[in-house]
Amino acid sequence: MASPSLTSSPSARTAAHVTADDIAALAAGAAIFGTGGGGAVYTSQQITERAIREHGPVRLLSLDDLGPDDAVIMMSGIGAPTVGIEMLASTDQVETLLREAERVAGRRITAIMPAEIGGSNGVSPAGWAARLGVALLDADGMGRAFPEATMISTNVAGVPCAFAVLSDVVGNVVTLRTVDLGWLERHARAVTVAAGGICLGAHYLLTAETARGAVIPSTVSTAIRVGRALLEASDPVPAIAAELDADVLISGKVVDVSRRTEGGFVRGSITIAGIGDDRGRLQRVELRNENLVVLEDGEVLATVPDLITVVDLETGHAISTEMLRYGQRVSVLAWACDPLWRTERGLELAGPRAFGYDLPYVPFERKDAR
Amino acid sequence: MSAVRDLSIGVDVGGTNTDAVVVDATGSVIAWTKQPTTEDVIGGIRAGIGAVLDQLGEDRDRVSRVMLGTTHATNAIVARRGLDRVALVRLGAPAATEWPPLTGWPADLSERVLAGAAMLGGGHMVDGTPISPLDRDGIRRFLDGLGGAFDSVAVCGIFSPSSPEQEREVEQLVHDHLGTGTPVFLSQEIGPDGLLERENATVLNAALRGVASDVTRALVDVVAEKGLDVATFFAQNDGTLMSLDYAVRYPVLTIGSGPANSIRGAAFLSGAANAIVVDVGGTTSDLGVLVDGFPRESTLPRDIGGVRTNFRMPDILSLGIGGGTVIDPRTGAVGPRSVGYRIAQEALLFGGSTPTLTDAAAAAGYGIAGRSLPPLTAGRRDALAAGLARAHERIEEAVERLSLGRVDLPLVVVGGGAMLVPDDLPGAGPVLRPDRAEVANAVGAAISLAGGRADQISDAEDRDAAIAAASEAAIAKAIQAGADPLAVEIVDVLETSLSYTARPTIKVSVKAAGPLSHLAAPLPAR
């Protein structure tokens with residue numbers, strides 16, 4: 001049942017592949033893009049490696065590889081991490097999801113893409129693509145991790161979401177046609193609760209034409225590259241910073257962690273005292289599930305939607321907000337978000353004010369850049 | 001006839017040595033010994049208990065209890081030795097079928113342990129809704145298909161910690177089908193939420209049954225041989241004790257009891273109830289925290305012999321810093337290689353050619369009596385100084401991590417490499433170096449309490465009822481483990497809220513502990 005496009009589209013000639021050996025790097029990189037959130041990558045990494053070993057490498061398509069007959073849909077896991085560690089996905093769940101999406105769309109879907117590159121949702125789609133026998137688009141809908149359905153690039157770009165499909169562990173499938181992303185968030189949440197707290201979701205059917213300018217390009221391959229630098233470099237932090245075009249804002253010791261859980265969100269701040277060359281400096285990172293703002297001496301150094309990740313000073317591995325502890329030796333990395341998030345609509349959806357911070361958005365620029 | 005029966009024997013069966021101590025009601029160590037651990041375990045226990053009984057002489061009749069701590073279970077997993085074969089039934093299909101059992105296990109271990117696994121209908125959602133009907137016929141067919149080639153059955157149902165009835169029904173089903181001689185292990189009794197980790201822990205627990213039986217039998221046999229009229233207990237990894245039949249059912253709970261006993265024993269010997277303890281060995285330094293007499297526990301998943309598990313464990317931080325850790329003679333870089341037990345041949349201090357942290361400590365003035373360093377070049381001296389400074393930094397960092405910013409906590413230093421820790425470690429409180437630290441493990445076993453923990457998930461509105469129910473279950477577990485029903489108390493309540501549930505839902509986890517009911521005299525202050 002090969003699509004006619006496979007022989008004529010550029011994808012057949014130029015596509016790169018994601019192999020099982022790439023997944024450890026993808027997981028480490030996706031955790032970096034998680035900016036403190038996005039869920040733990042460990043179990044996703046294991047099952048994704050296994051799926052690719054079993055079904056073979058996954059074709060990784062760039063936006064340019066998409067042909068006229070290609071159709072792409074975003075996929076992600078939705079729900080409570082506390083449930084997600086216990087009630088895991090069924091073998092058929094992702095297949096059920098894709099078939100229903102194809103039925104509603106009335107066409108074959110040739111590729112999937114992560115809705116969110118940050119955290120476990122950036123890792124799992126590679127395994128799902130292997131299992132489904134479809135390609136993976138080298139792009140995602142956030143370029144990082146975000147907590148809400150409205151905070152997605154396609155919404156910024158004004159691409160309508162014609163439908164969304166959710167499938168649960170039991171085999172139930174629900175198709176939603178909502179008037180906008182706000183309503184989708186509300187209805188998807190209700191369905192997810194009924195499904196026991198966790199679902200797989202597919203939404204935003206895209207083509208070569210609609211995807212361009214509406215997704216964050218190259219994020220899968222970048223995550224793999226960043227992860228590889230992290231795992232292979234003898235001095236990982238500068239290596240990651242170089243790959244990301246990021247600044248190391250400070251290297252130091254966590255001297256205060258103030259954190260509370262509020263309505264399913266982790267909220268709070270950590271304070272880092274500089275060590276080595278940064279001795280005498282003090283920075284505060286504000287967080288709500290993700291790292292959102294970095295401050296030093298009352299000055300805002302970086303804010304959401306620019307990316308802020310706290311990593312282990314020695315290993316370079318990302319430390320999620322719930323894993324931050326007093327005394328950890330860390331580096332804070334910051335780098336620029338995709339230009340889409342810096343538009344008026346992007347900042348309205350995911351700027352500092354969208355997270356309750358009464359701060360103007362100051363675009364992050366590298367100071368270290370030579 | 002002596003009326004006073006106020007002595008406890010603590011025994012620690014380690015990989016190398018079996019230590020035994022006698023502790024009296026005031027908490028003084030009145031006899032102690034170190035004997036080599038034997039292949040059959042019983043030889044070391046016999047030698048250890050025999051030696052301290054000889055030291056007691058006439059006072060041996062005052063001994064009323066024997067507590068044993070051991071790393072035997074850990075060693076059995078690491079060495080793949082003496083493990084039982086386990087049939088695993090997971091309940092909850094079709095949920096979790098994308099994640100087959102024992103994913104991520106080292107292949108040689110899973111081949112050794114797993115007789116077979118089935119993912120069958122059953123299990124519950126977080127709110128108690130059944131995922132699918134329990135597949136009773138499927139369970140019988142699966143077990144019949146294995147042709148009896150297994151020692152025990154492990155059962156792991158999705159959300160069994162909050163919906164426990166179904167696993168119990170399956171236990172009954174297996175007993176009805178195969179007879180009560182087949183041991184059945186239920187995941188709800190082993191670990192909290194986290195399906196794969198709890199399932200792994202349940203399978204490991206089942207696999208360790210034979211090993212645990214061997215050690216408990218050895219203890220019972222030695223006690224009988226010596227004609228002792230005593231109650232016998234096993235040390236758990238949370239600093240509490242369990243009865244021997246309990247230890248055979250829950251051998252994983254002994255994993256990590258070595259460090260837990262070491263932390264409690266060392267702190268007890270130093271007189272501290274709240275402290276950070278660092279045990280500096282030849283290859284690693286293990287650090288832990290004692291909070292109100294109990295080792296602080298970790299909630300993070302951790303690896304046991306390459307298997308990821310989530311049962312409660314003491315919060316131990318291991319550094320690759322020990323007396324035998326090798327220093328690069330050019331750069332001063334530290335480890336991770338260690339000469340280990342060959343330190344007595346390879347270190348500079350012993351006439352060898354490998355610079356180690358022990359040599360660096362000697363060069364800084366913390367030597368070993370009767371040993372002196374060969375003449376050193378200035379470059380080598382600098383490398384040793386740099387290496388020791390690096391080791392101090394890493395220990396300081398670890399102490400700070402564990403202290404969570406409290407600088408008033410004493411730092412108790414024990415172990416053969418204790419000279420690597422300076423008396424003025426920045427970020428640490430007063431440094432204490434107790435006597436008898438070489439048998440801290442066995443002392444820790446001798447001063448343990450009996451305890452138990454239970455979890456409950458409920459509507460947030462029913463919070464008080466949930467805490468009451470969990471408390472009742474935890475107290476029942478503590479009493480089952482040997483605690484005095486009149487003296488057992490709740491020592492810890494953890495509460496977490498769950499999102500994406502129809503109504504606000506919380507999970508409470510309660511721990512109870514108390515002195516042993518068999519005690520004639522109160523336990524020494526903890």
# chains A, B, ... in the order shown; residues from 1 in each chain; ligands from 1
$ select_by_dssp --residues "stretch 25-177 of chain B" --states "strand (DSSP E or B)" --output "number ranges by chain"
B: 29-36, 63-70, 86-93, 114-121, 124, 130, 152-157
$ interface_residues --of "chain A" --to "chain B" --cutoff "6 Å" --atoms "only C-alpha atoms" --output "MDAnalysis selection string"
chainID A and resid 80 85:86 88:91 169 193 196:197 264 326:327
$ residues_around --residues "stretch 275-283 of chain A" --least-positions-apart "2" --cutoff "6 Å" --atoms "only C-alpha atoms" --output "list in words"
Gly252, Thr271, Ile272, Ala273, Leu295 and Glu296 of chain A
$ residues_around --residues "stretch 271-281 of chain B" --least-positions-apart "4" --cutoff "7 Å" --atoms "only C-alpha atoms" --output "PyMOL selection string"
chain B and resi 263+267+285-293+322-323+409-418+526
$ residues_around --residues "stretch 355-364 of chain A" --least-positions-apart "4" --cutoff "10 Å" --atoms "only C-alpha atoms" --output "ChimeraX atom specification"
/A:246-247,286-288,292-293,300-307,334-337,339,342,347,349-351
$ residues_around --residues "stretch 25-40 of chain B" --least-positions-apart "4" --cutoff "10 Å" --atoms "only C-alpha atoms" --output "ChimeraX atom specification"
/B:5-21,44-56,214-215,218,268-269,271,436,438-439,442-443,446-447,520-526
$ decode --residues "stretch 441-459 of chain B" --atoms "N, CA and C atoms" --output "CSV table (one decimal), in the first residue's frame"
chain,number,residue,atom,x,y,z
B,441,ASN,N,27.8,-1.3,61.6
B,441,ASN,CA,26.7,-2.0,61.0
B,441,ASN,C,26.0,-2.9,62.0
B,442,ALA,N,26.8,-3.7,62.8
B,442,ALA,CA,26.2,-4.6,63.7
B,442,ALA,C,25.5,-3.9,64.9
B,443,VAL,N,26.1,-2.8,65.3
B,443,VAL,CA,25.5,-1.9,66.3
B,443,VAL,C,24.1,-1.4,65.8
B,444,GLY,N,24.1,-1.0,64.6
B,444,GLY,CA,22.9,-0.5,64.0
B,444,GLY,C,21.8,-1.5,64.0
B,445,ALA,N,22.2,-2.8,63.7
B,445,ALA,CA,21.2,-3.9,63.7
B,445,ALA,C,20.7,-4.1,65.2
B,446,ALA,N,21.6,-4.0,66.1
B,446,ALA,CA,21.2,-4.3,67.5
B,446,ALA,C,20.3,-3.2,68.1
B,447,ILE,N,20.3,-2.0,67.6
B,447,ILE,CA,19.4,-0.9,68.2
B,447,ILE,C,18.2,-0.6,67.4
B,448,SER,N,17.8,-1.5,66.4
B,448,SER,CA,16.7,-1.2,65.5
B,448,SER,C,15.4,-1.3,66.2
B,449,LEU,N,14.4,-0.6,65.6
B,449,LEU,CA,13.0,-0.7,66.1
B,449,LEU,C,12.2,-1.5,65.1
B,450,ALA,N,11.0,-1.9,65.4
B,450,ALA,CA,10.1,-2.6,64.4
B,450,ALA,C,9.2,-1.6,63.8
B,451,GLY,N,9.0,-1.7,62.5
B,451,GLY,CA,8.2,-0.7,61.8
B,451,GLY,C,7.5,-1.2,60.6
B,452,GLY,N,6.6,-0.4,60.0
B,452,GLY,CA,5.8,-0.7,58.8
B,452,GLY,C,5.3,0.5,58.1
B,453,ARG,N,5.1,0.4,56.8
B,453,ARG,CA,4.6,1.6,56.0
B,453,ARG,C,3.4,1.2,55.2
B,454,ALA,N,2.4,2.1,55.0
B,454,ALA,CA,1.2,1.8,54.2
B,454,ALA,C,0.8,3.0,53.4
B,455,ASP,N,0.3,2.8,52.2
B,455,ASP,CA,-0.2,3.9,51.3
B,455,ASP,C,-1.7,3.8,51.1
B,456,GLN,N,-2.3,5.0,50.8
B,456,GLN,CA,-3.7,5.0,50.6
B,456,GLN,C,-4.0,6.1,49.6
B,457,ILE,N,-4.8,5.9,48.5
B,457,ILE,CA,-5.2,6.9,47.6
B,457,ILE,C,-6.7,7.2,47.9
B,458,SER,N,-7.1,8.5,48.0
B,458,SER,CA,-8.5,8.7,48.3
B,458,SER,C,-8.9,10.1,47.7
B,459,ASP,N,-10.2,10.4,47.8
B,459,ASP,CA,-10.7,11.8,47.5
B,459,ASP,C,-10.0,12.7,48.5
